[in-house]
Structure formats: C-alpha cells, structure tokens
Amino acid sequence: MTKSAAPTRAEIRCPVELTLTLLSNKWKALILRDLFIRRSRFSELQKSLAGISQKVLTANLRALEEDGLISRQVFAQVPPRVEYALTDRGRSLLPILQALFKWGTEYQEERGWARREDLPPKLRQIFLAEQAGTAA
C-alpha cells in the first residue's frame with residue numbers, strides 16, 4: 001500500500017484546514033506572537049522560545065517567510081545582521097492569536113492556573129488591550 005501525498009496548500013479547500021496548516025505547530029504561533037511585540041533577530045527569538053533548537057527555529061522561520069507571514073531583512077554590515085518582522089498578511093493573524101489567548105486565559109482561570117502577571121507587559125498590552133477594542 002502506498003502512502004498518498006499530502007495536499008499542497010493550493011489544493012486545500014477548507015479554510016480552517018489551510019489556516020491550521022499555515023500555523024501547523026506551536027513554534028510558528030509562538031514566533032508570530034513574539035513578532036507582534038517587535039521585530040527580532042534570530043538570537044532574540046531563540047532566547048524567547050525556550051526549548052527550540054536552532055534547526056527547528058530556522059525551518060519555521062523559512063516556512064513562515066515562504067508563506068508570506070513574515071519578512072526577513074538582511075543588513076549589510078559586519079557582522080551581518082538579520083531581522084524578522086510580520087508582513088501585513090502576518091499581522092492579519094492577530095485576531096486568531098487573540099482568540100487563542102482569550103480561550104487559554106479562560107481555561108487557566110477555570111483551572112486555577114491564571115498568572116497574567118507572568119506575561120511580558122507588551123504581550124499583555126497587545127492581547128488584552130486590543131481584545132477590548134483599543135489599538136496598542
């Protein structure tokens with residue numbers, strides 16, 4: 001029995017499946033979360049994402065760039081500097097990440113795990129202020 005190839009993104013008909021495919025793992029969503037806070041260098045992202053290997057971070061950054069959700073800017077200087085930022089299409093994922101944030105917050109509160117004070121202030125500002133309809 002041969003294994004059938006997974007459909008390409010262009011062949012996926014269901015928008016929910018496509019969105020989940022684009023965000024396919026926790027690292028992509030967390031990279032996007034960090035880039036909502038600020039443009040970041042590779043080393044900043046690696047420090048922020050505890051447990052991610054260099055290989056996995058590189059692969060996820062390349063995939064997000066290929067999908068048009070982030071941009072990569074190389075500065076001509078010595079040593080070379082590269083920064084990653086959200087594209088307009090990447091920024092359009094904010095309501096989805098806010099919904100995940102809201103759901104996760106409610107779940108934590110139900111379980112008695114809520115600790116909003118542990119969140120970085122800028123993250124609280126982006127996800128809490130904009131949920132209330134206020135731009136950060």
# chains A, B, ... in the order shown; residues from 1 in each chain; ligands from 1
call {"tool": "closest_atom_pairs", "arguments": {"of": "segment 76-104 of chain A", "to": "segment 39-44 of chain A", "cutoff": "6 Å", "atoms": "only C-alpha atoms", "output": "tab-separated table"}}
result
residue	atom	partner	partner_atom	distance
A:Val82	CA	A:Arg41	CA	5.9
A:Glu83	CA	A:Arg41	CA	4.5
A:Tyr84	CA	A:Ser40	CA	5.3
A:Ala85	CA	A:Arg39	CA	4.7
call {"tool": "write_last_selection", "arguments": {"atoms": "N, CA, C and O atoms", "output": "PDB file, in the first residue's frame"}}
result
ATOM      1  N   VAL A  82      20.424  40.189  10.702  1.00  0.00           N
ATOM      2  CA  VAL A  82      19.167  39.812  10.059  1.00  0.00           C
ATOM      3  C   VAL A  82      18.046  40.044  11.061  1.00  0.00           C
ATOM      4  O   VAL A  82      18.168  39.673  12.229  1.00  0.00           O
ATOM      5  N   GLU A  83      16.981  40.681  10.604  1.00  0.00           N
ATOM      6  CA  GLU A  83      15.808  40.888  11.455  1.00  0.00           C
ATOM      7  C   GLU A  83      14.579  40.299  10.773  1.00  0.00           C
ATOM      8  O   GLU A  83      14.446  40.348   9.549  1.00  0.00           O
ATOM      9  N   TYR A  84      13.693  39.777  11.606  1.00  0.00           N
ATOM     10  CA  TYR A  84      12.440  39.217  11.139  1.00  0.00           C
ATOM     11  C   TYR A  84      11.301  40.104  11.625  1.00  0.00           C
ATOM     12  O   TYR A  84      11.344  40.621  12.741  1.00  0.00           O
ATOM     13  N   ALA A  85      10.294  40.281  10.771  1.00  0.00           N
ATOM     14  CA  ALA A  85       9.137  41.105  11.113  1.00  0.00           C
ATOM     15  C   ALA A  85       7.902  40.505  10.459  1.00  0.00           C
ATOM     16  O   ALA A  85       7.995  39.740   9.499  1.00  0.00           O
TER      17      ALA A  85
END
call {"tool": "select_by_dssp", "arguments": {"residues": "segment 15-120 of chain A", "states": "strand (DSSP E or B)", "output": "PyMOL selection string"}}
result
chain A and resi 40-41+70-75+81-86
call {"tool": "atom_distance", "arguments": {"atom1": "atom CA of Arg89 of chain A", "atom2": "atom CA of Leu69 of chain A"}}
result
5.6 Å
call {"tool": "residues_around", "arguments": {"residues": "segment 19-33 of chain A", "least_positions_apart": "6", "cutoff": "10 Å", "atoms": "only C-alpha atoms", "output": "PyMOL selection string"}}
result
chain A and resi 8-9+12+40+45-46+48-49+51-52+56-57+59-61+63-64+67+69-70+84-86+90-91+93-94+96-98+100+123+126-127
call {"tool": "select_by_dssp", "arguments": {"residues": "segment 29-129 of chain A", "states": "helix (DSSP H, G or I)", "output": "PDB file with N, CA, C and O atoms, in the first residue's frame"}}
result
ATOM      1  N   ALA A  29       3.238  29.601  15.859  1.00  0.00           N
ATOM      2  CA  ALA A  29       2.349  30.532  16.566  1.00  0.00           C
ATOM      3  C   ALA A  29       3.138  31.363  17.577  1.00  0.00           C
ATOM      4  O   ALA A  29       2.886  32.560  17.735  1.00  0.00           O
ATOM      5  N   LEU A  30       4.108  30.757  18.253  1.00  0.00           N
ATOM      6  CA  LEU A  30       4.893  31.499  19.237  1.00  0.00           C
ATOM      7  C   LEU A  30       5.866  32.473  18.579  1.00  0.00           C
ATOM      8  O   LEU A  30       6.120  33.553  19.111  1.00  0.00           O
ATOM      9  N   ILE A  31       6.392  32.110  17.421  1.00  0.00           N
ATOM     10  CA  ILE A  31       7.238  33.053  16.667  1.00  0.00           C
ATOM     11  C   ILE A  31       6.399  34.263  16.271  1.00  0.00           C
ATOM     12  O   ILE A  31       6.814  35.412  16.455  1.00  0.00           O
ATOM     13  N   LEU A  32       5.205  34.017  15.742  1.00  0.00           N
ATOM     14  CA  LEU A  32       4.314  35.121  15.368  1.00  0.00           C
ATOM     15  C   LEU A  32       3.979  35.972  16.584  1.00  0.00           C
ATOM     16  O   LEU A  32       3.991  37.207  16.515  1.00  0.00           O
ATOM     17  N   ARG A  33       3.677  35.321  17.712  1.00  0.00           N
ATOM     18  CA  ARG A  33       3.386  36.052  18.953  1.00  0.00           C
ATOM     19  C   ARG A  33       4.525  37.003  19.290  1.00  0.00           C
ATOM     20  O   ARG A  33       4.306  38.179  19.566  1.00  0.00           O
ATOM     21  N   ASP A  34       5.757  36.512  19.223  1.00  0.00           N
ATOM     22  CA  ASP A  34       6.906  37.355  19.557  1.00  0.00           C
ATOM     23  C   ASP A  34       7.088  38.489  18.561  1.00  0.00           C
ATOM     24  O   ASP A  34       7.473  39.597  18.939  1.00  0.00           O
ATOM     25  N   LEU A  35       6.793  38.230  17.300  1.00  0.00           N
ATOM     26  CA  LEU A  35       6.951  39.277  16.291  1.00  0.00           C
ATOM     27  C   LEU A  35       5.843  40.328  16.368  1.00  0.00           C
ATOM     28  O   LEU A  35       6.006  41.423  15.841  1.00  0.00           O
ATOM     29  N   PHE A  36       4.736  40.028  17.048  1.00  0.00           N
ATOM     30  CA  PHE A  36       3.732  41.073  17.315  1.00  0.00           C
ATOM     31  C   PHE A  36       4.295  42.080  18.304  1.00  0.00           C
ATOM     32  O   PHE A  36       3.927  43.247  18.294  1.00  0.00           O
ATOM     33  N   ILE A  37       5.188  41.635  19.161  1.00  0.00           N
ATOM     34  CA  ILE A  37       5.790  42.529  20.155  1.00  0.00           C
ATOM     35  C   ILE A  37       6.797  43.459  19.495  1.00  0.00           C
ATOM     36  O   ILE A  37       6.794  44.653  19.713  1.00  0.00           O
ATOM     37  N   PHE A  42      17.387  36.607  15.037  1.00  0.00           N
ATOM     38  CA  PHE A  42      17.325  35.165  15.268  1.00  0.00           C
ATOM     39  C   PHE A  42      17.637  34.836  16.727  1.00  0.00           C
ATOM     40  O   PHE A  42      16.906  34.085  17.374  1.00  0.00           O
ATOM     41  N   SER A  43      18.708  35.401  17.242  1.00  0.00           N
ATOM     42  CA  SER A  43      19.126  35.083  18.617  1.00  0.00           C
ATOM     43  C   SER A  43      18.091  35.543  19.641  1.00  0.00           C
ATOM     44  O   SER A  43      17.884  34.867  20.656  1.00  0.00           O
ATOM     45  N   GLU A  44      17.404  36.640  19.381  1.00  0.00           N
ATOM     46  CA  GLU A  44      16.354  37.106  20.297  1.00  0.00           C
ATOM     47  C   GLU A  44      15.181  36.128  20.306  1.00  0.00           C
ATOM     48  O   GLU A  44      14.625  35.830  21.371  1.00  0.00           O
ATOM     49  N   LEU A  45      14.821  35.651  19.131  1.00  0.00           N
ATOM     50  CA  LEU A  45      13.729  34.675  19.049  1.00  0.00           C
ATOM     51  C   LEU A  45      14.118  33.377  19.755  1.00  0.00           C
ATOM     52  O   LEU A  45      13.331  32.809  20.500  1.00  0.00           O
ATOM     53  N   GLN A  46      15.350  32.939  19.555  1.00  0.00           N
ATOM     54  CA  GLN A  46      15.791  31.689  20.177  1.00  0.00           C
ATOM     55  C   GLN A  46      15.783  31.800  21.695  1.00  0.00           C
ATOM     56  O   GLN A  46      15.374  30.870  22.387  1.00  0.00           O
ATOM     57  N   LYS A  47      16.175  32.943  22.233  1.00  0.00           N
ATOM     58  CA  LYS A  47      16.151  33.141  23.692  1.00  0.00           C
ATOM     59  C   LYS A  47      14.718  33.169  24.219  1.00  0.00           C
ATOM     60  O   LYS A  47      14.433  32.658  25.290  1.00  0.00           O
ATOM     61  N   SER A  48      13.834  33.764  23.456  1.00  0.00           N
ATOM     62  CA  SER A  48      12.442  33.912  23.878  1.00  0.00           C
ATOM     63  C   SER A  48      11.690  32.582  23.848  1.00  0.00           C
ATOM     64  O   SER A  48      10.766  32.374  24.629  1.00  0.00           O
ATOM     65  N   GLN A  54      18.108  25.437  17.161  1.00  0.00           N
ATOM     66  CA  GLN A  54      18.469  26.323  16.060  1.00  0.00           C
ATOM     67  C   GLN A  54      17.896  25.794  14.743  1.00  0.00           C
ATOM     68  O   GLN A  54      17.356  26.557  13.937  1.00  0.00           O
ATOM     69  N   LYS A  55      17.975  24.486  14.550  1.00  0.00           N
ATOM     70  CA  LYS A  55      17.479  23.859  13.324  1.00  0.00           C
ATOM     71  C   LYS A  55      15.967  24.047  13.176  1.00  0.00           C
ATOM     72  O   LYS A  55      15.475  24.394  12.097  1.00  0.00           O
ATOM     73  N   VAL A  56      15.222  23.840  14.258  1.00  0.00           N
ATOM     74  CA  VAL A  56      13.765  23.969  14.209  1.00  0.00           C
ATOM     75  C   VAL A  56      13.361  25.432  14.014  1.00  0.00           C
ATOM     76  O   VAL A  56      12.455  25.733  13.234  1.00  0.00           O
ATOM     77  N   LEU A  57      14.051  26.341  14.692  1.00  0.00           N
ATOM     78  CA  LEU A  57      13.743  27.763  14.519  1.00  0.00           C
ATOM     79  C   LEU A  57      14.005  28.180  13.077  1.00  0.00           C
ATOM     80  O   LEU A  57      13.181  28.853  12.460  1.00  0.00           O
ATOM     81  N   THR A  58      15.130  27.777  12.534  1.00  0.00           N
ATOM     82  CA  THR A  58      15.460  28.112  11.142  1.00  0.00           C
ATOM     83  C   THR A  58      14.391  27.586  10.186  1.00  0.00           C
ATOM     84  O   THR A  58      13.917  28.317   9.309  1.00  0.00           O
ATOM     85  N   ALA A  59      13.996  26.328  10.354  1.00  0.00           N
ATOM     86  CA  ALA A  59      12.992  25.726   9.472  1.00  0.00           C
ATOM     87  C   ALA A  59      11.655  26.459   9.569  1.00  0.00           C
ATOM     88  O   ALA A  59      10.995  26.714   8.547  1.00  0.00           O
ATOM     89  N   ASN A  60      11.256  26.810  10.785  1.00  0.00           N
ATOM     90  CA  ASN A  60       9.979  27.506  10.958  1.00  0.00           C
ATOM     91  C   ASN A  60      10.022  28.921  10.412  1.00  0.00           C
ATOM     92  O   ASN A  60       9.048  29.392   9.817  1.00  0.00           O
ATOM     93  N   LEU A  61      11.137  29.627  10.595  1.00  0.00           N
ATOM     94  CA  LEU A  61      11.266  30.973  10.038  1.00  0.00           C
ATOM     95  C   LEU A  61      11.206  30.921   8.509  1.00  0.00           C
ATOM     96  O   LEU A  61      10.532  31.741   7.879  1.00  0.00           O
ATOM     97  N   ARG A  62      11.875  29.952   7.926  1.00  0.00           N
ATOM     98  CA  ARG A  62      11.842  29.816   6.455  1.00  0.00           C
ATOM     99  C   ARG A  62      10.429  29.525   5.963  1.00  0.00           C
ATOM    100  O   ARG A  62       9.988  30.085   4.955  1.00  0.00           O
ATOM    101  N   ALA A  63       9.722  28.642   6.659  1.00  0.00           N
ATOM    102  CA  ALA A  63       8.354  28.306   6.254  1.00  0.00           C
ATOM    103  C   ALA A  63       7.432  29.523   6.382  1.00  0.00           C
ATOM    104  O   ALA A  63       6.623  29.782   5.484  1.00  0.00           O
ATOM    105  N   LEU A  64       7.547  30.259   7.476  1.00  0.00           N
ATOM    106  CA  LEU A  64       6.710  31.454   7.663  1.00  0.00           C
ATOM    107  C   LEU A  64       7.012  32.508   6.606  1.00  0.00           C
ATOM    108  O   LEU A  64       6.107  33.193   6.116  1.00  0.00           O
ATOM    109  N   GLU A  65       8.284  32.632   6.243  1.00  0.00           N
ATOM    110  CA  GLU A  65       8.660  33.585   5.197  1.00  0.00           C
ATOM    111  C   GLU A  65       8.111  33.121   3.841  1.00  0.00           C
ATOM    112  O   GLU A  65       7.541  33.915   3.090  1.00  0.00           O
ATOM    113  N   GLU A  66       8.248  31.832   3.543  1.00  0.00           N
ATOM    114  CA  GLU A  66       7.741  31.279   2.290  1.00  0.00           C
ATOM    115  C   GLU A  66       6.226  31.460   2.172  1.00  0.00           C
ATOM    116  O   GLU A  66       5.702  31.722   1.094  1.00  0.00           O
ATOM    117  N   ASP A  88       2.093  42.351   6.375  1.00  0.00           N
ATOM    118  CA  ASP A  88       0.692  42.730   6.585  1.00  0.00           C
ATOM    119  C   ASP A  88      -0.179  41.481   6.712  1.00  0.00           C
ATOM    120  O   ASP A  88      -1.087  41.421   7.541  1.00  0.00           O
ATOM    121  N   ARG A  89       0.111  40.453   5.898  1.00  0.00           N
ATOM    122  CA  ARG A  89      -0.662  39.208   5.987  1.00  0.00           C
ATOM    123  C   ARG A  89      -0.431  38.551   7.344  1.00  0.00           C
ATOM    124  O   ARG A  89      -1.352  38.040   7.961  1.00  0.00           O
ATOM    125  N   GLY A  90       0.782  38.581   7.835  1.00  0.00           N
ATOM    126  CA  GLY A  90       1.073  38.031   9.160  1.00  0.00           C
ATOM    127  C   GLY A  90       0.341  38.794  10.249  1.00  0.00           C
ATOM    128  O   GLY A  90      -0.206  38.195  11.185  1.00  0.00           O
ATOM    129  N   ARG A  91       0.306  40.116  10.122  1.00  0.00           N
ATOM    130  CA  ARG A  91      -0.412  40.941  11.111  1.00  0.00           C
ATOM    131  C   ARG A  91      -1.901  40.622  11.125  1.00  0.00           C
ATOM    132  O   ARG A  91      -2.558  40.778  12.143  1.00  0.00           O
ATOM    133  N   LEU A  94      -3.604  38.489  13.911  1.00  0.00           N
ATOM    134  CA  LEU A  94      -3.780  38.955  15.293  1.00  0.00           C
ATOM    135  C   LEU A  94      -5.102  38.511  15.901  1.00  0.00           C
ATOM    136  O   LEU A  94      -5.111  37.987  17.024  1.00  0.00           O
ATOM    137  N   PRO A  95      -6.242  38.648  15.217  1.00  0.00           N
ATOM    138  CA  PRO A  95      -7.492  38.197  15.847  1.00  0.00           C
ATOM    139  C   PRO A  95      -7.492  36.701  16.192  1.00  0.00           C
ATOM    140  O   PRO A  95      -8.080  36.295  17.192  1.00  0.00           O
ATOM    141  N   ILE A  96      -6.822  35.900  15.376  1.00  0.00           N
ATOM    142  CA  ILE A  96      -6.755  34.461  15.657  1.00  0.00           C
ATOM    143  C   ILE A  96      -5.930  34.214  16.917  1.00  0.00           C
ATOM    144  O   ILE A  96      -6.338  33.461  17.806  1.00  0.00           O
ATOM    145  N   LEU A  97      -4.775  34.876  17.011  1.00  0.00           N
ATOM    146  CA  LEU A  97      -3.938  34.712  18.200  1.00  0.00           C
ATOM    147  C   LEU A  97      -4.613  35.300  19.438  1.00  0.00           C
ATOM    148  O   LEU A  97      -4.479  34.762  20.535  1.00  0.00           O
ATOM    149  N   GLN A  98      -5.351  36.390  19.261  1.00  0.00           N
ATOM    150  CA  GLN A  98      -6.100  36.948  20.389  1.00  0.00           C
ATOM    151  C   GLN A  98      -7.158  35.957  20.872  1.00  0.00           C
ATOM    152  O   GLN A  98      -7.365  35.812  22.074  1.00  0.00           O
ATOM    153  N   ALA A  99      -7.828  35.296  19.936  1.00  0.00           N
ATOM    154  CA  ALA A  99      -8.838  34.309  20.323  1.00  0.00           C
ATOM    155  C   ALA A  99      -8.189  33.154  21.078  1.00  0.00           C
ATOM    156  O   ALA A  99      -8.729  32.678  22.086  1.00  0.00           O
ATOM    157  N   LEU A 100      -7.021  32.703  20.630  1.00  0.00           N
ATOM    158  CA  LEU A 100      -6.289  31.660  21.352  1.00  0.00           C
ATOM    159  C   LEU A 100      -5.885  32.138  22.745  1.00  0.00           C
ATOM    160  O   LEU A 100      -5.982  31.399  23.727  1.00  0.00           O
ATOM    161  N   PHE A 101      -5.439  33.388  22.816  1.00  0.00           N
ATOM    162  CA  PHE A 101      -5.043  33.980  24.096  1.00  0.00           C
ATOM    163  C   PHE A 101      -6.240  34.036  25.051  1.00  0.00           C
ATOM    164  O   PHE A 101      -6.146  33.636  26.212  1.00  0.00           O
ATOM    165  N   LYS A 102      -7.371  34.510  24.526  1.00  0.00           N
ATOM    166  CA  LYS A 102      -8.575  34.631  25.355  1.00  0.00           C
ATOM    167  C   LYS A 102      -9.026  33.257  25.851  1.00  0.00           C
ATOM    168  O   LYS A 102      -9.314  33.075  27.038  1.00  0.00           O
ATOM    169  N   TRP A 103      -9.076  32.294  24.950  1.00  0.00           N
ATOM    170  CA  TRP A 103      -9.510  30.958  25.329  1.00  0.00           C
ATOM    171  C   TRP A 103      -8.553  30.367  26.360  1.00  0.00           C
ATOM    172  O   TRP A 103      -8.972  29.799  27.365  1.00  0.00           O
ATOM    173  N   GLY A 104      -7.249  30.508  26.125  1.00  0.00           N
ATOM    174  CA  GLY A 104      -6.256  29.979  27.053  1.00  0.00           C
ATOM    175  C   GLY A 104      -6.336  30.640  28.418  1.00  0.00           C
ATOM    176  O   GLY A 104      -6.195  29.976  29.455  1.00  0.00           O
ATOM    177  N   THR A 105      -6.592  31.942  28.436  1.00  0.00           N
ATOM    178  CA  THR A 105      -6.735  32.671  29.703  1.00  0.00           C
ATOM    179  C   THR A 105      -7.934  32.150  30.481  1.00  0.00           C
ATOM    180  O   THR A 105      -7.852  31.896  31.685  1.00  0.00           O
ATOM    181  N   GLU A 106      -9.070  31.985  29.798  1.00  0.00           N
ATOM    182  CA  GLU A 106     -10.268  31.473  30.462  1.00  0.00           C
ATOM    183  C   GLU A 106     -10.049  30.059  30.985  1.00  0.00           C
ATOM    184  O   GLU A 106     -10.466  29.730  32.098  1.00  0.00           O
ATOM    185  N   TYR A 107      -9.374  29.241  30.212  1.00  0.00           N
ATOM    186  CA  TYR A 107      -9.083  27.871  30.633  1.00  0.00           C
ATOM    187  C   TYR A 107      -8.174  27.871  31.864  1.00  0.00           C
ATOM    188  O   TYR A 107      -8.415  27.138  32.823  1.00  0.00           O
ATOM    189  N   GLN A 108      -7.150  28.718  31.844  1.00  0.00           N
ATOM    190  CA  GLN A 108      -6.258  28.820  33.006  1.00  0.00           C
ATOM    191  C   GLN A 108      -7.027  29.251  34.245  1.00  0.00           C
ATOM    192  O   GLN A 108      -6.813  28.717  35.334  1.00  0.00           O
ATOM    193  N   GLU A 109      -7.914  30.231  34.078  1.00  0.00           N
ATOM    194  CA  GLU A 109      -8.692  30.722  35.220  1.00  0.00           C
ATOM    195  C   GLU A 109      -9.598  29.625  35.775  1.00  0.00           C
ATOM    196  O   GLU A 109      -9.716  29.474  36.990  1.00  0.00           O
ATOM    197  N   GLU A 110     -10.244  28.863  34.879  1.00  0.00           N
ATOM    198  CA  GLU A 110     -11.098  27.757  35.322  1.00  0.00           C
ATOM    199  C   GLU A 110     -10.306  26.727  36.121  1.00  0.00           C
ATOM    200  O   GLU A 110     -10.817  26.139  37.073  1.00  0.00           O
ATOM    201  N   ARG A 111      -9.080  26.504  35.727  1.00  0.00           N
ATOM    202  CA  ARG A 111      -8.219  25.509  36.372  1.00  0.00           C
ATOM    203  C   ARG A 111      -7.442  26.073  37.559  1.00  0.00           C
ATOM    204  O   ARG A 111      -6.735  25.330  38.235  1.00  0.00           O
ATOM    205  N   ARG A 116      -1.528  36.150  34.901  1.00  0.00           N
ATOM    206  CA  ARG A 116      -1.278  37.169  33.882  1.00  0.00           C
ATOM    207  C   ARG A 116      -0.051  38.010  34.203  1.00  0.00           C
ATOM    208  O   ARG A 116       0.586  38.536  33.309  1.00  0.00           O
ATOM    209  N   GLU A 117       0.275  38.138  35.475  1.00  0.00           N
ATOM    210  CA  GLU A 117       1.420  38.956  35.848  1.00  0.00           C
ATOM    211  C   GLU A 117       2.727  38.356  35.330  1.00  0.00           C
ATOM    212  O   GLU A 117       3.733  39.040  35.242  1.00  0.00           O
ATOM    213  N   ASP A 118       2.716  37.072  34.955  1.00  0.00           N
ATOM    214  CA  ASP A 118       3.914  36.440  34.410  1.00  0.00           C
ATOM    215  C   ASP A 118       4.158  36.819  32.948  1.00  0.00           C
ATOM    216  O   ASP A 118       5.241  36.592  32.429  1.00  0.00           O
ATOM    217  N   PRO A 121       4.892  42.696  29.765  1.00  0.00           N
ATOM    218  CA  PRO A 121       3.935  43.809  29.659  1.00  0.00           C
ATOM    219  C   PRO A 121       3.472  44.087  28.226  1.00  0.00           C
ATOM    220  O   PRO A 121       2.296  44.340  28.004  1.00  0.00           O
ATOM    221  N   LYS A 122       4.372  44.043  27.265  1.00  0.00           N
ATOM    222  CA  LYS A 122       3.979  44.344  25.880  1.00  0.00           C
ATOM    223  C   LYS A 122       3.007  43.289  25.360  1.00  0.00           C
ATOM    224  O   LYS A 122       2.065  43.602  24.645  1.00  0.00           O
ATOM    225  N   LEU A 123       3.211  42.034  25.743  1.00  0.00           N
ATOM    226  CA  LEU A 123       2.295  40.968  25.323  1.00  0.00           C
ATOM    227  C   LEU A 123       0.921  41.186  25.933  1.00  0.00           C
ATOM    228  O   LEU A 123      -0.098  41.064  25.252  1.00  0.00           O
ATOM    229  N   ARG A 124       0.878  41.529  27.205  1.00  0.00           N
ATOM    230  CA  ARG A 124      -0.413  41.838  27.850  1.00  0.00           C
ATOM    231  C   ARG A 124      -1.096  42.986  27.129  1.00  0.00           C
ATOM    232  O   ARG A 124      -2.291  42.960  26.876  1.00  0.00           O
ATOM    233  N   GLN A 125      -0.311  44.003  26.785  1.00  0.00           N
ATOM    234  CA  GLN A 125      -0.867  45.184  26.118  1.00  0.00           C
ATOM    235  C   GLN A 125      -1.480  44.798  24.770  1.00  0.00           C
ATOM    236  O   GLN A 125      -2.608  45.168  24.467  1.00  0.00           O
ATOM    237  N   ILE A 126      -0.761  44.025  23.980  1.00  0.00           N
ATOM    238  CA  ILE A 126      -1.234  43.655  22.649  1.00  0.00           C
ATOM    239  C   ILE A 126      -2.482  42.779  22.735  1.00  0.00           C
ATOM    240  O   ILE A 126      -3.480  43.021  22.070  1.00  0.00           O
ATOM    241  N   PHE A 127      -2.432  41.749  23.576  1.00  0.00           N
ATOM    242  CA  PHE A 127      -3.522  40.779  23.588  1.00  0.00           C
ATOM    243  C   PHE A 127      -4.687  41.192  24.469  1.00  0.00           C
ATOM    244  O   PHE A 127      -5.810  40.814  24.186  1.00  0.00           O
ATOM    245  N   LEU A 128      -4.450  41.947  25.499  1.00  0.00           N
ATOM    246  CA  LEU A 128      -5.555  42.351  26.359  1.00  0.00           C
ATOM    247  C   LEU A 128      -6.185  43.647  25.906  1.00  0.00           C
ATOM    248  O   LEU A 128      -7.396  43.768  25.838  1.00  0.00           O
ATOM    249  N   ALA A 129      -5.376  44.647  25.541  1.00  0.00           N
ATOM    250  CA  ALA A 129      -5.912  45.945  25.127  1.00  0.00           C
ATOM    251  C   ALA A 129      -6.686  45.828  23.826  1.00  0.00           C
ATOM    252  O   ALA A 129      -7.783  46.348  23.708  1.00  0.00           O
TER     253      ALA A 129
END
call {"tool": "atom_distance", "arguments": {"atom1": "atom CA of Arg38 of chain A", "atom2": "atom CA of Ala50 of chain A"}}
result
17.7 Å
